[in-house]
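The next block is protein_32.cif, given as mmCIF, N, CA and C atoms.
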```
data_data
loop_
_atom_site.group_PDB
_atom_site.id
_atom_site.type_symbol
_atom_site.label_atom_id
_atom_site.label_comp_id
_atom_site.auth_asym_id
_atom_site.auth_seq_id
_atom_site.Cartn_x
_atom_site.Cartn_y
_atom_site.Cartn_z
ATOM 1 N N MET A 1 38.435 -18.318 -51.128
ATOM 2 C CA MET A 1 38.616 -18.667 -49.738
ATOM 3 C C MET A 1 39.956 -18.181 -49.218
ATOM 4 N N TYR A 2 41.024 -18.380 -50.015
ATOM 5 C CA TYR A 2 42.351 -17.960 -49.587
ATOM 6 C C TYR A 2 42.469 -16.434 -49.529
ATOM 7 N N ILE A 3 41.760 -15.769 -50.414
ATOM 8 C CA ILE A 3 41.792 -14.304 -50.422
ATOM 9 C C ILE A 3 41.163 -13.753 -49.153
ATOM 10 N N VAL A 4 40.026 -14.299 -48.756
ATOM 11 C CA VAL A 4 39.344 -13.855 -47.543
ATOM 12 C C VAL A 4 40.214 -14.140 -46.321
ATOM 13 N N LEU A 5 40.819 -15.298 -46.267
ATOM 14 C CA LEU A 5 41.697 -15.646 -45.155
ATOM 15 C C LEU A 5 42.906 -14.711 -45.101
ATOM 16 N N GLY A 6 43.472 -14.408 -46.249
ATOM 17 C CA GLY A 6 44.600 -13.477 -46.314
ATOM 18 C C GLY A 6 44.229 -12.080 -45.851
ATOM 19 N N LEU A 7 43.050 -11.610 -46.241
ATOM 20 C CA LEU A 7 42.583 -10.296 -45.798
ATOM 21 C C LEU A 7 42.351 -10.258 -44.298
ATOM 22 N N LEU A 8 41.781 -11.319 -43.746
ATOM 23 C CA LEU A 8 41.569 -11.379 -42.300
ATOM 24 C C LEU A 8 42.888 -11.368 -41.539
ATOM 25 N N ILE A 9 43.869 -12.080 -42.030
ATOM 26 C CA ILE A 9 45.186 -12.094 -41.387
ATOM 27 C C ILE A 9 45.832 -10.713 -41.480
ATOM 28 N N ALA A 10 45.723 -10.060 -42.638
ATOM 29 C CA ALA A 10 46.297 -8.726 -42.810
ATOM 30 C C ALA A 10 45.648 -7.721 -41.859
ATOM 31 N N VAL A 11 44.339 -7.757 -41.728
ATOM 32 C CA VAL A 11 43.636 -6.847 -40.820
ATOM 33 C C VAL A 11 44.045 -7.124 -39.378
ATOM 34 N N ALA A 12 44.172 -8.395 -39.009
ATOM 35 C CA ALA A 12 44.578 -8.740 -37.651
ATOM 36 C C ALA A 12 45.984 -8.222 -37.345
ATOM 37 N N VAL A 13 46.889 -8.361 -38.286
ATOM 38 C CA VAL A 13 48.257 -7.877 -38.085
ATOM 39 C C VAL A 13 48.265 -6.351 -37.937
ATOM 40 N N ILE A 14 47.505 -5.661 -38.760
ATOM 41 C CA ILE A 14 47.442 -4.207 -38.664
ATOM 42 C C ILE A 14 46.874 -3.774 -37.317
ATOM 43 N N LEU A 15 45.851 -4.466 -36.829
ATOM 44 C CA LEU A 15 45.269 -4.117 -35.536
ATOM 45 C C LEU A 15 46.214 -4.415 -34.383
ATOM 46 N N ILE A 16 47.034 -5.421 -34.513
ATOM 47 C CA ILE A 16 47.997 -5.755 -33.464
ATOM 48 C C ILE A 16 49.149 -4.751 -33.442
ATOM 49 N N VAL A 17 49.653 -4.379 -34.606
ATOM 50 C CA VAL A 17 50.800 -3.480 -34.702
ATOM 51 C C VAL A 17 50.419 -2.037 -34.362
ATOM 52 N N LYS A 18 49.219 -1.598 -34.726
ATOM 53 C CA LYS A 18 48.690 -0.257 -34.471
ATOM 54 C C LYS A 18 49.660 0.840 -34.911
ATOM 55 N N PRO A 19 49.897 1.003 -36.190
ATOM 56 C CA PRO A 19 50.852 2.011 -36.642
ATOM 57 C C PRO A 19 50.428 3.446 -36.338
ATOM 58 N N TRP A 20 49.153 3.706 -36.152
ATOM 59 C CA TRP A 20 48.688 5.059 -35.871
ATOM 60 C C TRP A 20 49.083 5.507 -34.475
ATOM 61 N N HIS A 21 49.415 4.587 -33.559
ATOM 62 C CA HIS A 21 49.857 4.966 -32.217
ATOM 63 C C HIS A 21 51.325 5.368 -32.193
ATOM 64 N N ARG A 22 52.080 5.030 -33.204
ATOM 65 C CA ARG A 22 53.501 5.347 -33.255
ATOM 66 C C ARG A 22 53.771 6.719 -33.824
ATOM 67 N N ARG A 23 52.771 7.353 -34.311
ATOM 68 C CA ARG A 23 52.951 8.622 -34.986
ATOM 69 C C ARG A 23 53.184 9.733 -33.966
ATOM 70 N N ALA A 24 54.396 10.154 -33.820
ATOM 71 C CA ALA A 24 54.735 11.201 -32.862
ATOM 72 C C ALA A 24 54.592 12.572 -33.526
ATOM 73 N N CYS A 25 54.524 13.588 -32.695
ATOM 74 C CA CYS A 25 54.426 14.944 -33.220
ATOM 75 C C CYS A 25 55.708 15.311 -33.950
ATOM 76 N N ARG A 26 55.533 15.992 -35.058
ATOM 77 C CA ARG A 26 56.659 16.523 -35.839
ATOM 78 C C ARG A 26 56.441 18.034 -35.927
ATOM 79 N N TRP A 27 57.159 18.765 -35.102
ATOM 80 C CA TRP A 27 56.946 20.200 -34.967
ATOM 81 C C TRP A 27 57.651 20.976 -36.061
ATOM 82 N N ARG A 28 56.959 21.988 -36.586
ATOM 83 C CA ARG A 28 57.508 22.916 -37.562
ATOM 84 C C ARG A 28 57.343 24.320 -37.004
ATOM 85 N N GLU A 29 58.381 25.116 -37.113
ATOM 86 C CA GLU A 29 58.360 26.473 -36.582
ATOM 87 C C GLU A 29 57.843 27.436 -37.642
ATOM 88 N N ASP A 30 56.855 28.234 -37.254
ATOM 89 C CA ASP A 30 56.369 29.306 -38.116
ATOM 90 C C ASP A 30 57.291 30.498 -37.882
ATOM 91 N N ARG A 31 58.068 30.878 -38.871
ATOM 92 C CA ARG A 31 59.126 31.882 -38.702
ATOM 93 C C ARG A 31 58.600 33.283 -38.402
ATOM 94 N N ARG A 32 57.342 33.524 -38.648
ATOM 95 C CA ARG A 32 56.782 34.842 -38.325
ATOM 96 C C ARG A 32 56.558 34.929 -36.821
ATOM 97 N N ALA A 33 57.165 35.885 -36.183
ATOM 98 C CA ALA A 33 57.024 36.050 -34.733
ATOM 99 C C ALA A 33 55.647 36.618 -34.403
ATOM 100 N N LEU A 34 55.118 36.216 -33.271
ATOM 101 C CA LEU A 34 53.855 36.768 -32.799
ATOM 102 C C LEU A 34 54.109 38.151 -32.212
ATOM 103 N N ALA A 35 53.061 38.850 -31.819
ATOM 104 C CA ALA A 35 53.169 40.225 -31.336
ATOM 105 C C ALA A 35 54.053 40.336 -30.094
ATOM 106 N N ASP A 36 54.041 39.342 -29.244
ATOM 107 C CA ASP A 36 54.812 39.425 -28.001
ATOM 108 C C ASP A 36 56.198 38.768 -28.113
ATOM 109 N N GLY A 37 56.658 38.484 -29.328
ATOM 110 C CA GLY A 37 57.997 37.938 -29.528
ATOM 111 C C GLY A 37 58.077 36.425 -29.497
ATOM 112 N N ARG A 38 56.968 35.763 -29.206
ATOM 113 C CA ARG A 38 56.986 34.301 -29.208
ATOM 114 C C ARG A 38 56.885 33.780 -30.632
ATOM 115 N N VAL A 39 57.189 32.508 -30.809
ATOM 116 C CA VAL A 39 57.143 31.866 -32.124
ATOM 117 C C VAL A 39 56.117 30.747 -32.079
ATOM 118 N N LEU A 40 55.327 30.632 -33.128
ATOM 119 C CA LEU A 40 54.294 29.603 -33.200
ATOM 120 C C LEU A 40 54.876 28.319 -33.769
ATOM 121 N N HIS A 41 54.620 27.205 -33.101
ATOM 122 C CA HIS A 41 55.034 25.888 -33.576
ATOM 123 C C HIS A 41 53.789 25.086 -33.915
ATOM 124 N N ARG A 42 53.791 24.418 -35.073
ATOM 125 C CA ARG A 42 52.670 23.599 -35.520
ATOM 126 C C ARG A 42 53.139 22.176 -35.742
ATOM 127 N N CYS A 43 52.313 21.216 -35.343
ATOM 128 C CA CYS A 43 52.614 19.804 -35.573
ATOM 129 C C CYS A 43 51.982 19.380 -36.895
ATOM 130 N N VAL A 44 52.776 18.777 -37.771
ATOM 131 C CA VAL A 44 52.240 18.336 -39.052
ATOM 132 C C VAL A 44 51.529 16.994 -38.933
ATOM 133 N N ALA A 45 51.732 16.275 -37.847
ATOM 134 C CA ALA A 45 51.079 14.982 -37.673
ATOM 135 C C ALA A 45 49.667 15.130 -37.106
ATOM 136 N N CYS A 46 49.513 15.959 -36.069
ATOM 137 C CA CYS A 46 48.203 16.039 -35.413
ATOM 138 C C CYS A 46 47.535 17.402 -35.511
ATOM 139 N N GLY A 47 48.265 18.428 -35.944
ATOM 140 C CA GLY A 47 47.680 19.752 -36.091
ATOM 141 C C GLY A 47 47.719 20.615 -34.847
ATOM 142 N N ALA A 48 48.374 20.166 -33.789
ATOM 143 C CA ALA A 48 48.457 20.944 -32.554
ATOM 144 C C ALA A 48 49.302 22.191 -32.785
ATOM 145 N N GLU A 49 49.006 23.246 -32.040
ATOM 146 C CA GLU A 49 49.761 24.489 -32.121
ATOM 147 C C GLU A 49 50.152 24.923 -30.729
ATOM 148 N N ILE A 50 51.351 25.511 -30.614
ATOM 149 C CA ILE A 50 51.816 26.040 -29.333
ATOM 150 C C ILE A 50 52.752 27.207 -29.612
ATOM 151 N N ALA A 51 52.628 28.265 -28.817
ATOM 152 C CA ALA A 51 53.494 29.435 -28.951
ATOM 153 C C ALA A 51 54.520 29.397 -27.820
ATOM 154 N N LEU A 52 55.792 29.472 -28.198
ATOM 155 C CA LEU A 52 56.885 29.433 -27.229
ATOM 156 C C LEU A 52 57.830 30.595 -27.478
ATOM 157 N N PRO A 53 58.624 30.953 -26.460
ATOM 158 C CA PRO A 53 59.633 31.997 -26.678
ATOM 159 C C PRO A 53 60.623 31.574 -27.760
ATOM 160 N N ARG A 54 61.196 32.565 -28.428
ATOM 161 C CA ARG A 54 62.149 32.297 -29.508
ATOM 162 C C ARG A 54 63.317 31.459 -28.980
ATOM 163 N N GLY A 55 63.689 30.418 -29.729
ATOM 164 C CA GLY A 55 64.798 29.552 -29.353
ATOM 165 C C GLY A 55 64.380 28.272 -28.650
ATOM 166 N N ARG A 56 63.155 28.200 -28.153
ATOM 167 C CA ARG A 56 62.678 26.981 -27.489
ATOM 168 C C ARG A 56 61.866 26.147 -28.462
ATOM 169 N N THR A 57 61.880 24.831 -28.269
ATOM 170 C CA THR A 57 61.086 23.928 -29.096
ATOM 171 C C THR A 57 60.206 23.069 -28.215
ATOM 172 N N PRO A 58 59.034 22.655 -28.700
ATOM 173 C CA PRO A 58 58.152 21.782 -27.923
ATOM 174 C C PRO A 58 58.825 20.437 -27.659
ATOM 175 N N GLN A 59 58.603 19.885 -26.483
ATOM 176 C CA GLN A 59 59.226 18.630 -26.099
ATOM 177 C C GLN A 59 58.239 17.465 -26.047
ATOM 178 N N THR A 60 56.943 17.745 -25.964
ATOM 179 C CA THR A 60 55.953 16.682 -25.809
ATOM 180 C C THR A 60 54.916 16.741 -26.910
ATOM 181 N N CYS A 61 54.276 15.619 -27.134
ATOM 182 C CA CYS A 61 53.181 15.543 -28.090
ATOM 183 C C CYS A 61 51.934 16.108 -27.433
ATOM 184 N N ARG A 62 51.210 16.937 -28.150
ATOM 185 C CA ARG A 62 50.013 17.551 -27.613
ATOM 186 C C ARG A 62 48.760 17.052 -28.318
ATOM 187 N N ALA A 63 48.858 15.950 -29.011
ATOM 188 C CA ALA A 63 47.727 15.409 -29.745
ATOM 189 C C ALA A 63 46.614 15.003 -28.791
ATOM 190 N N GLY A 64 45.409 15.392 -29.129
ATOM 191 C CA GLY A 64 44.240 14.986 -28.354
ATOM 192 C C GLY A 64 43.980 15.799 -27.108
ATOM 193 N N ARG A 65 44.792 16.798 -26.823
ATOM 194 C CA ARG A 65 44.572 17.620 -25.637
ATOM 195 C C ARG A 65 43.635 18.775 -25.955
ATOM 196 N N ALA A 66 42.841 19.179 -24.982
ATOM 197 C CA ALA A 66 41.871 20.250 -25.191
ATOM 198 C C ALA A 66 42.533 21.633 -25.208
ATOM 199 N N ASP A 67 43.734 21.761 -24.657
ATOM 200 C CA ASP A 67 44.386 23.063 -24.562
ATOM 201 C C ASP A 67 45.298 23.350 -25.745
ATOM 202 N N ARG A 68 44.984 22.826 -26.906
ATOM 203 C CA ARG A 68 45.807 23.049 -28.098
ATOM 204 C C ARG A 68 45.802 24.467 -28.491
#
```
Serialized structure, structure tokens:
Amino acid sequence: MYIVLGLLIAVAVILIVKPWHRRACRWREDRRALADGRVLHRCVACGAEIALPRGRTPQTCRAGRADR
């Protein structure tokens, strides 16, 4: 009985805290330049990709967007 109650409390706490919503994009730069001189950036958290001019970094999370 106590085990079931403990599991229910643990699940409730996890659902309230929602740790998966806190996961922000963590961008990594692919050092190989593209044909037009831009650099590809990949997010290790959500898998999004964006090509930007050399020296610029992504500022926003692109998770869940159709234009990845």
Give me, as a list of chain:residue names, the residues of region 3-68 of chain A that a backbone DSSP run labels strand (DSSP E).
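The strand (DSSP E) residues within region 3-68 of chain A come out as A:Trp27, A:Arg28, A:Glu29, A:Asp30, A:Arg31, A:Arg32, A:Ala33, A:Arg38, A:Val39, A:Leu40, A:His41, A:Arg42, A:Cys43, A:Glu49, A:Ile50, A:Ala51, A:Leu52, A:Pro53.
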List the neighbours of region 31-37 of chain A out to 12 Å using only C-alpha atoms; skip same-chain residues closer than 3 positions along the sequence, and give me the result as a ChimeraX atom specification.
/A:28,40-42,50-55
In Å, how far is it from atom C of Lys18 (chain A) to CA of Gly6 (chain A)?
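Interatomic distance, atom C of Lys18 (chain A) to CA of Gly6 (chain A): 19.0 Å.
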Write out as JSON, numbers by chain all residues of chain A that DSSP puts in helix (DSSP H, G or I) for this structure's backbone.
{"A": [2, 3, 4, 5, 6, 7, 8, 9, 10, 11, 12, 13, 14, 15, 16, 17, 19, 20, 21]}
One-decimal distance in Å that lies between CA of Ile16 (chain A) and CA of Ile3 (chain A):
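Straight-line distance from CA of Ile3 (chain A) to CA of Ile16 (chain A) works out to 20.0 Å.
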Point out the residue among A:Ala45, A:Val39, A:Val4, A:Leu15 with the least atom-to-atom distance to Thr57 (chain A), counting only C-alpha atoms.
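Checking each candidate against Thr57 (chain A), we get A:Val39 as the closest.
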Report, in Å with one decimal, the straight-line distance from atom C of Ala12 (chain A) to CA of Cys25 (chain A).
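The value is 25.0 Å.
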Closest to Arg38 (chain A) among A:Arg56, A:Cys61, A:Ala24, A:Pro19, using only C-alpha atoms?
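Of A:Arg56, A:Cys61, A:Ala24, A:Pro19, the one nearest Arg38 (chain A), counting only C-alpha atoms, is A:Arg56.
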Need the axis-aligned box for region 51-57 of chain A with 8 Å each side, so what are the centre and edges in Å to one decimal, as JSON?
```
{"center_x": 58.7, "center_y": 27.8, "center_z": -28.1, "size_x": 28.2, "size_y": 25.5, "size_z": 19.3}
```
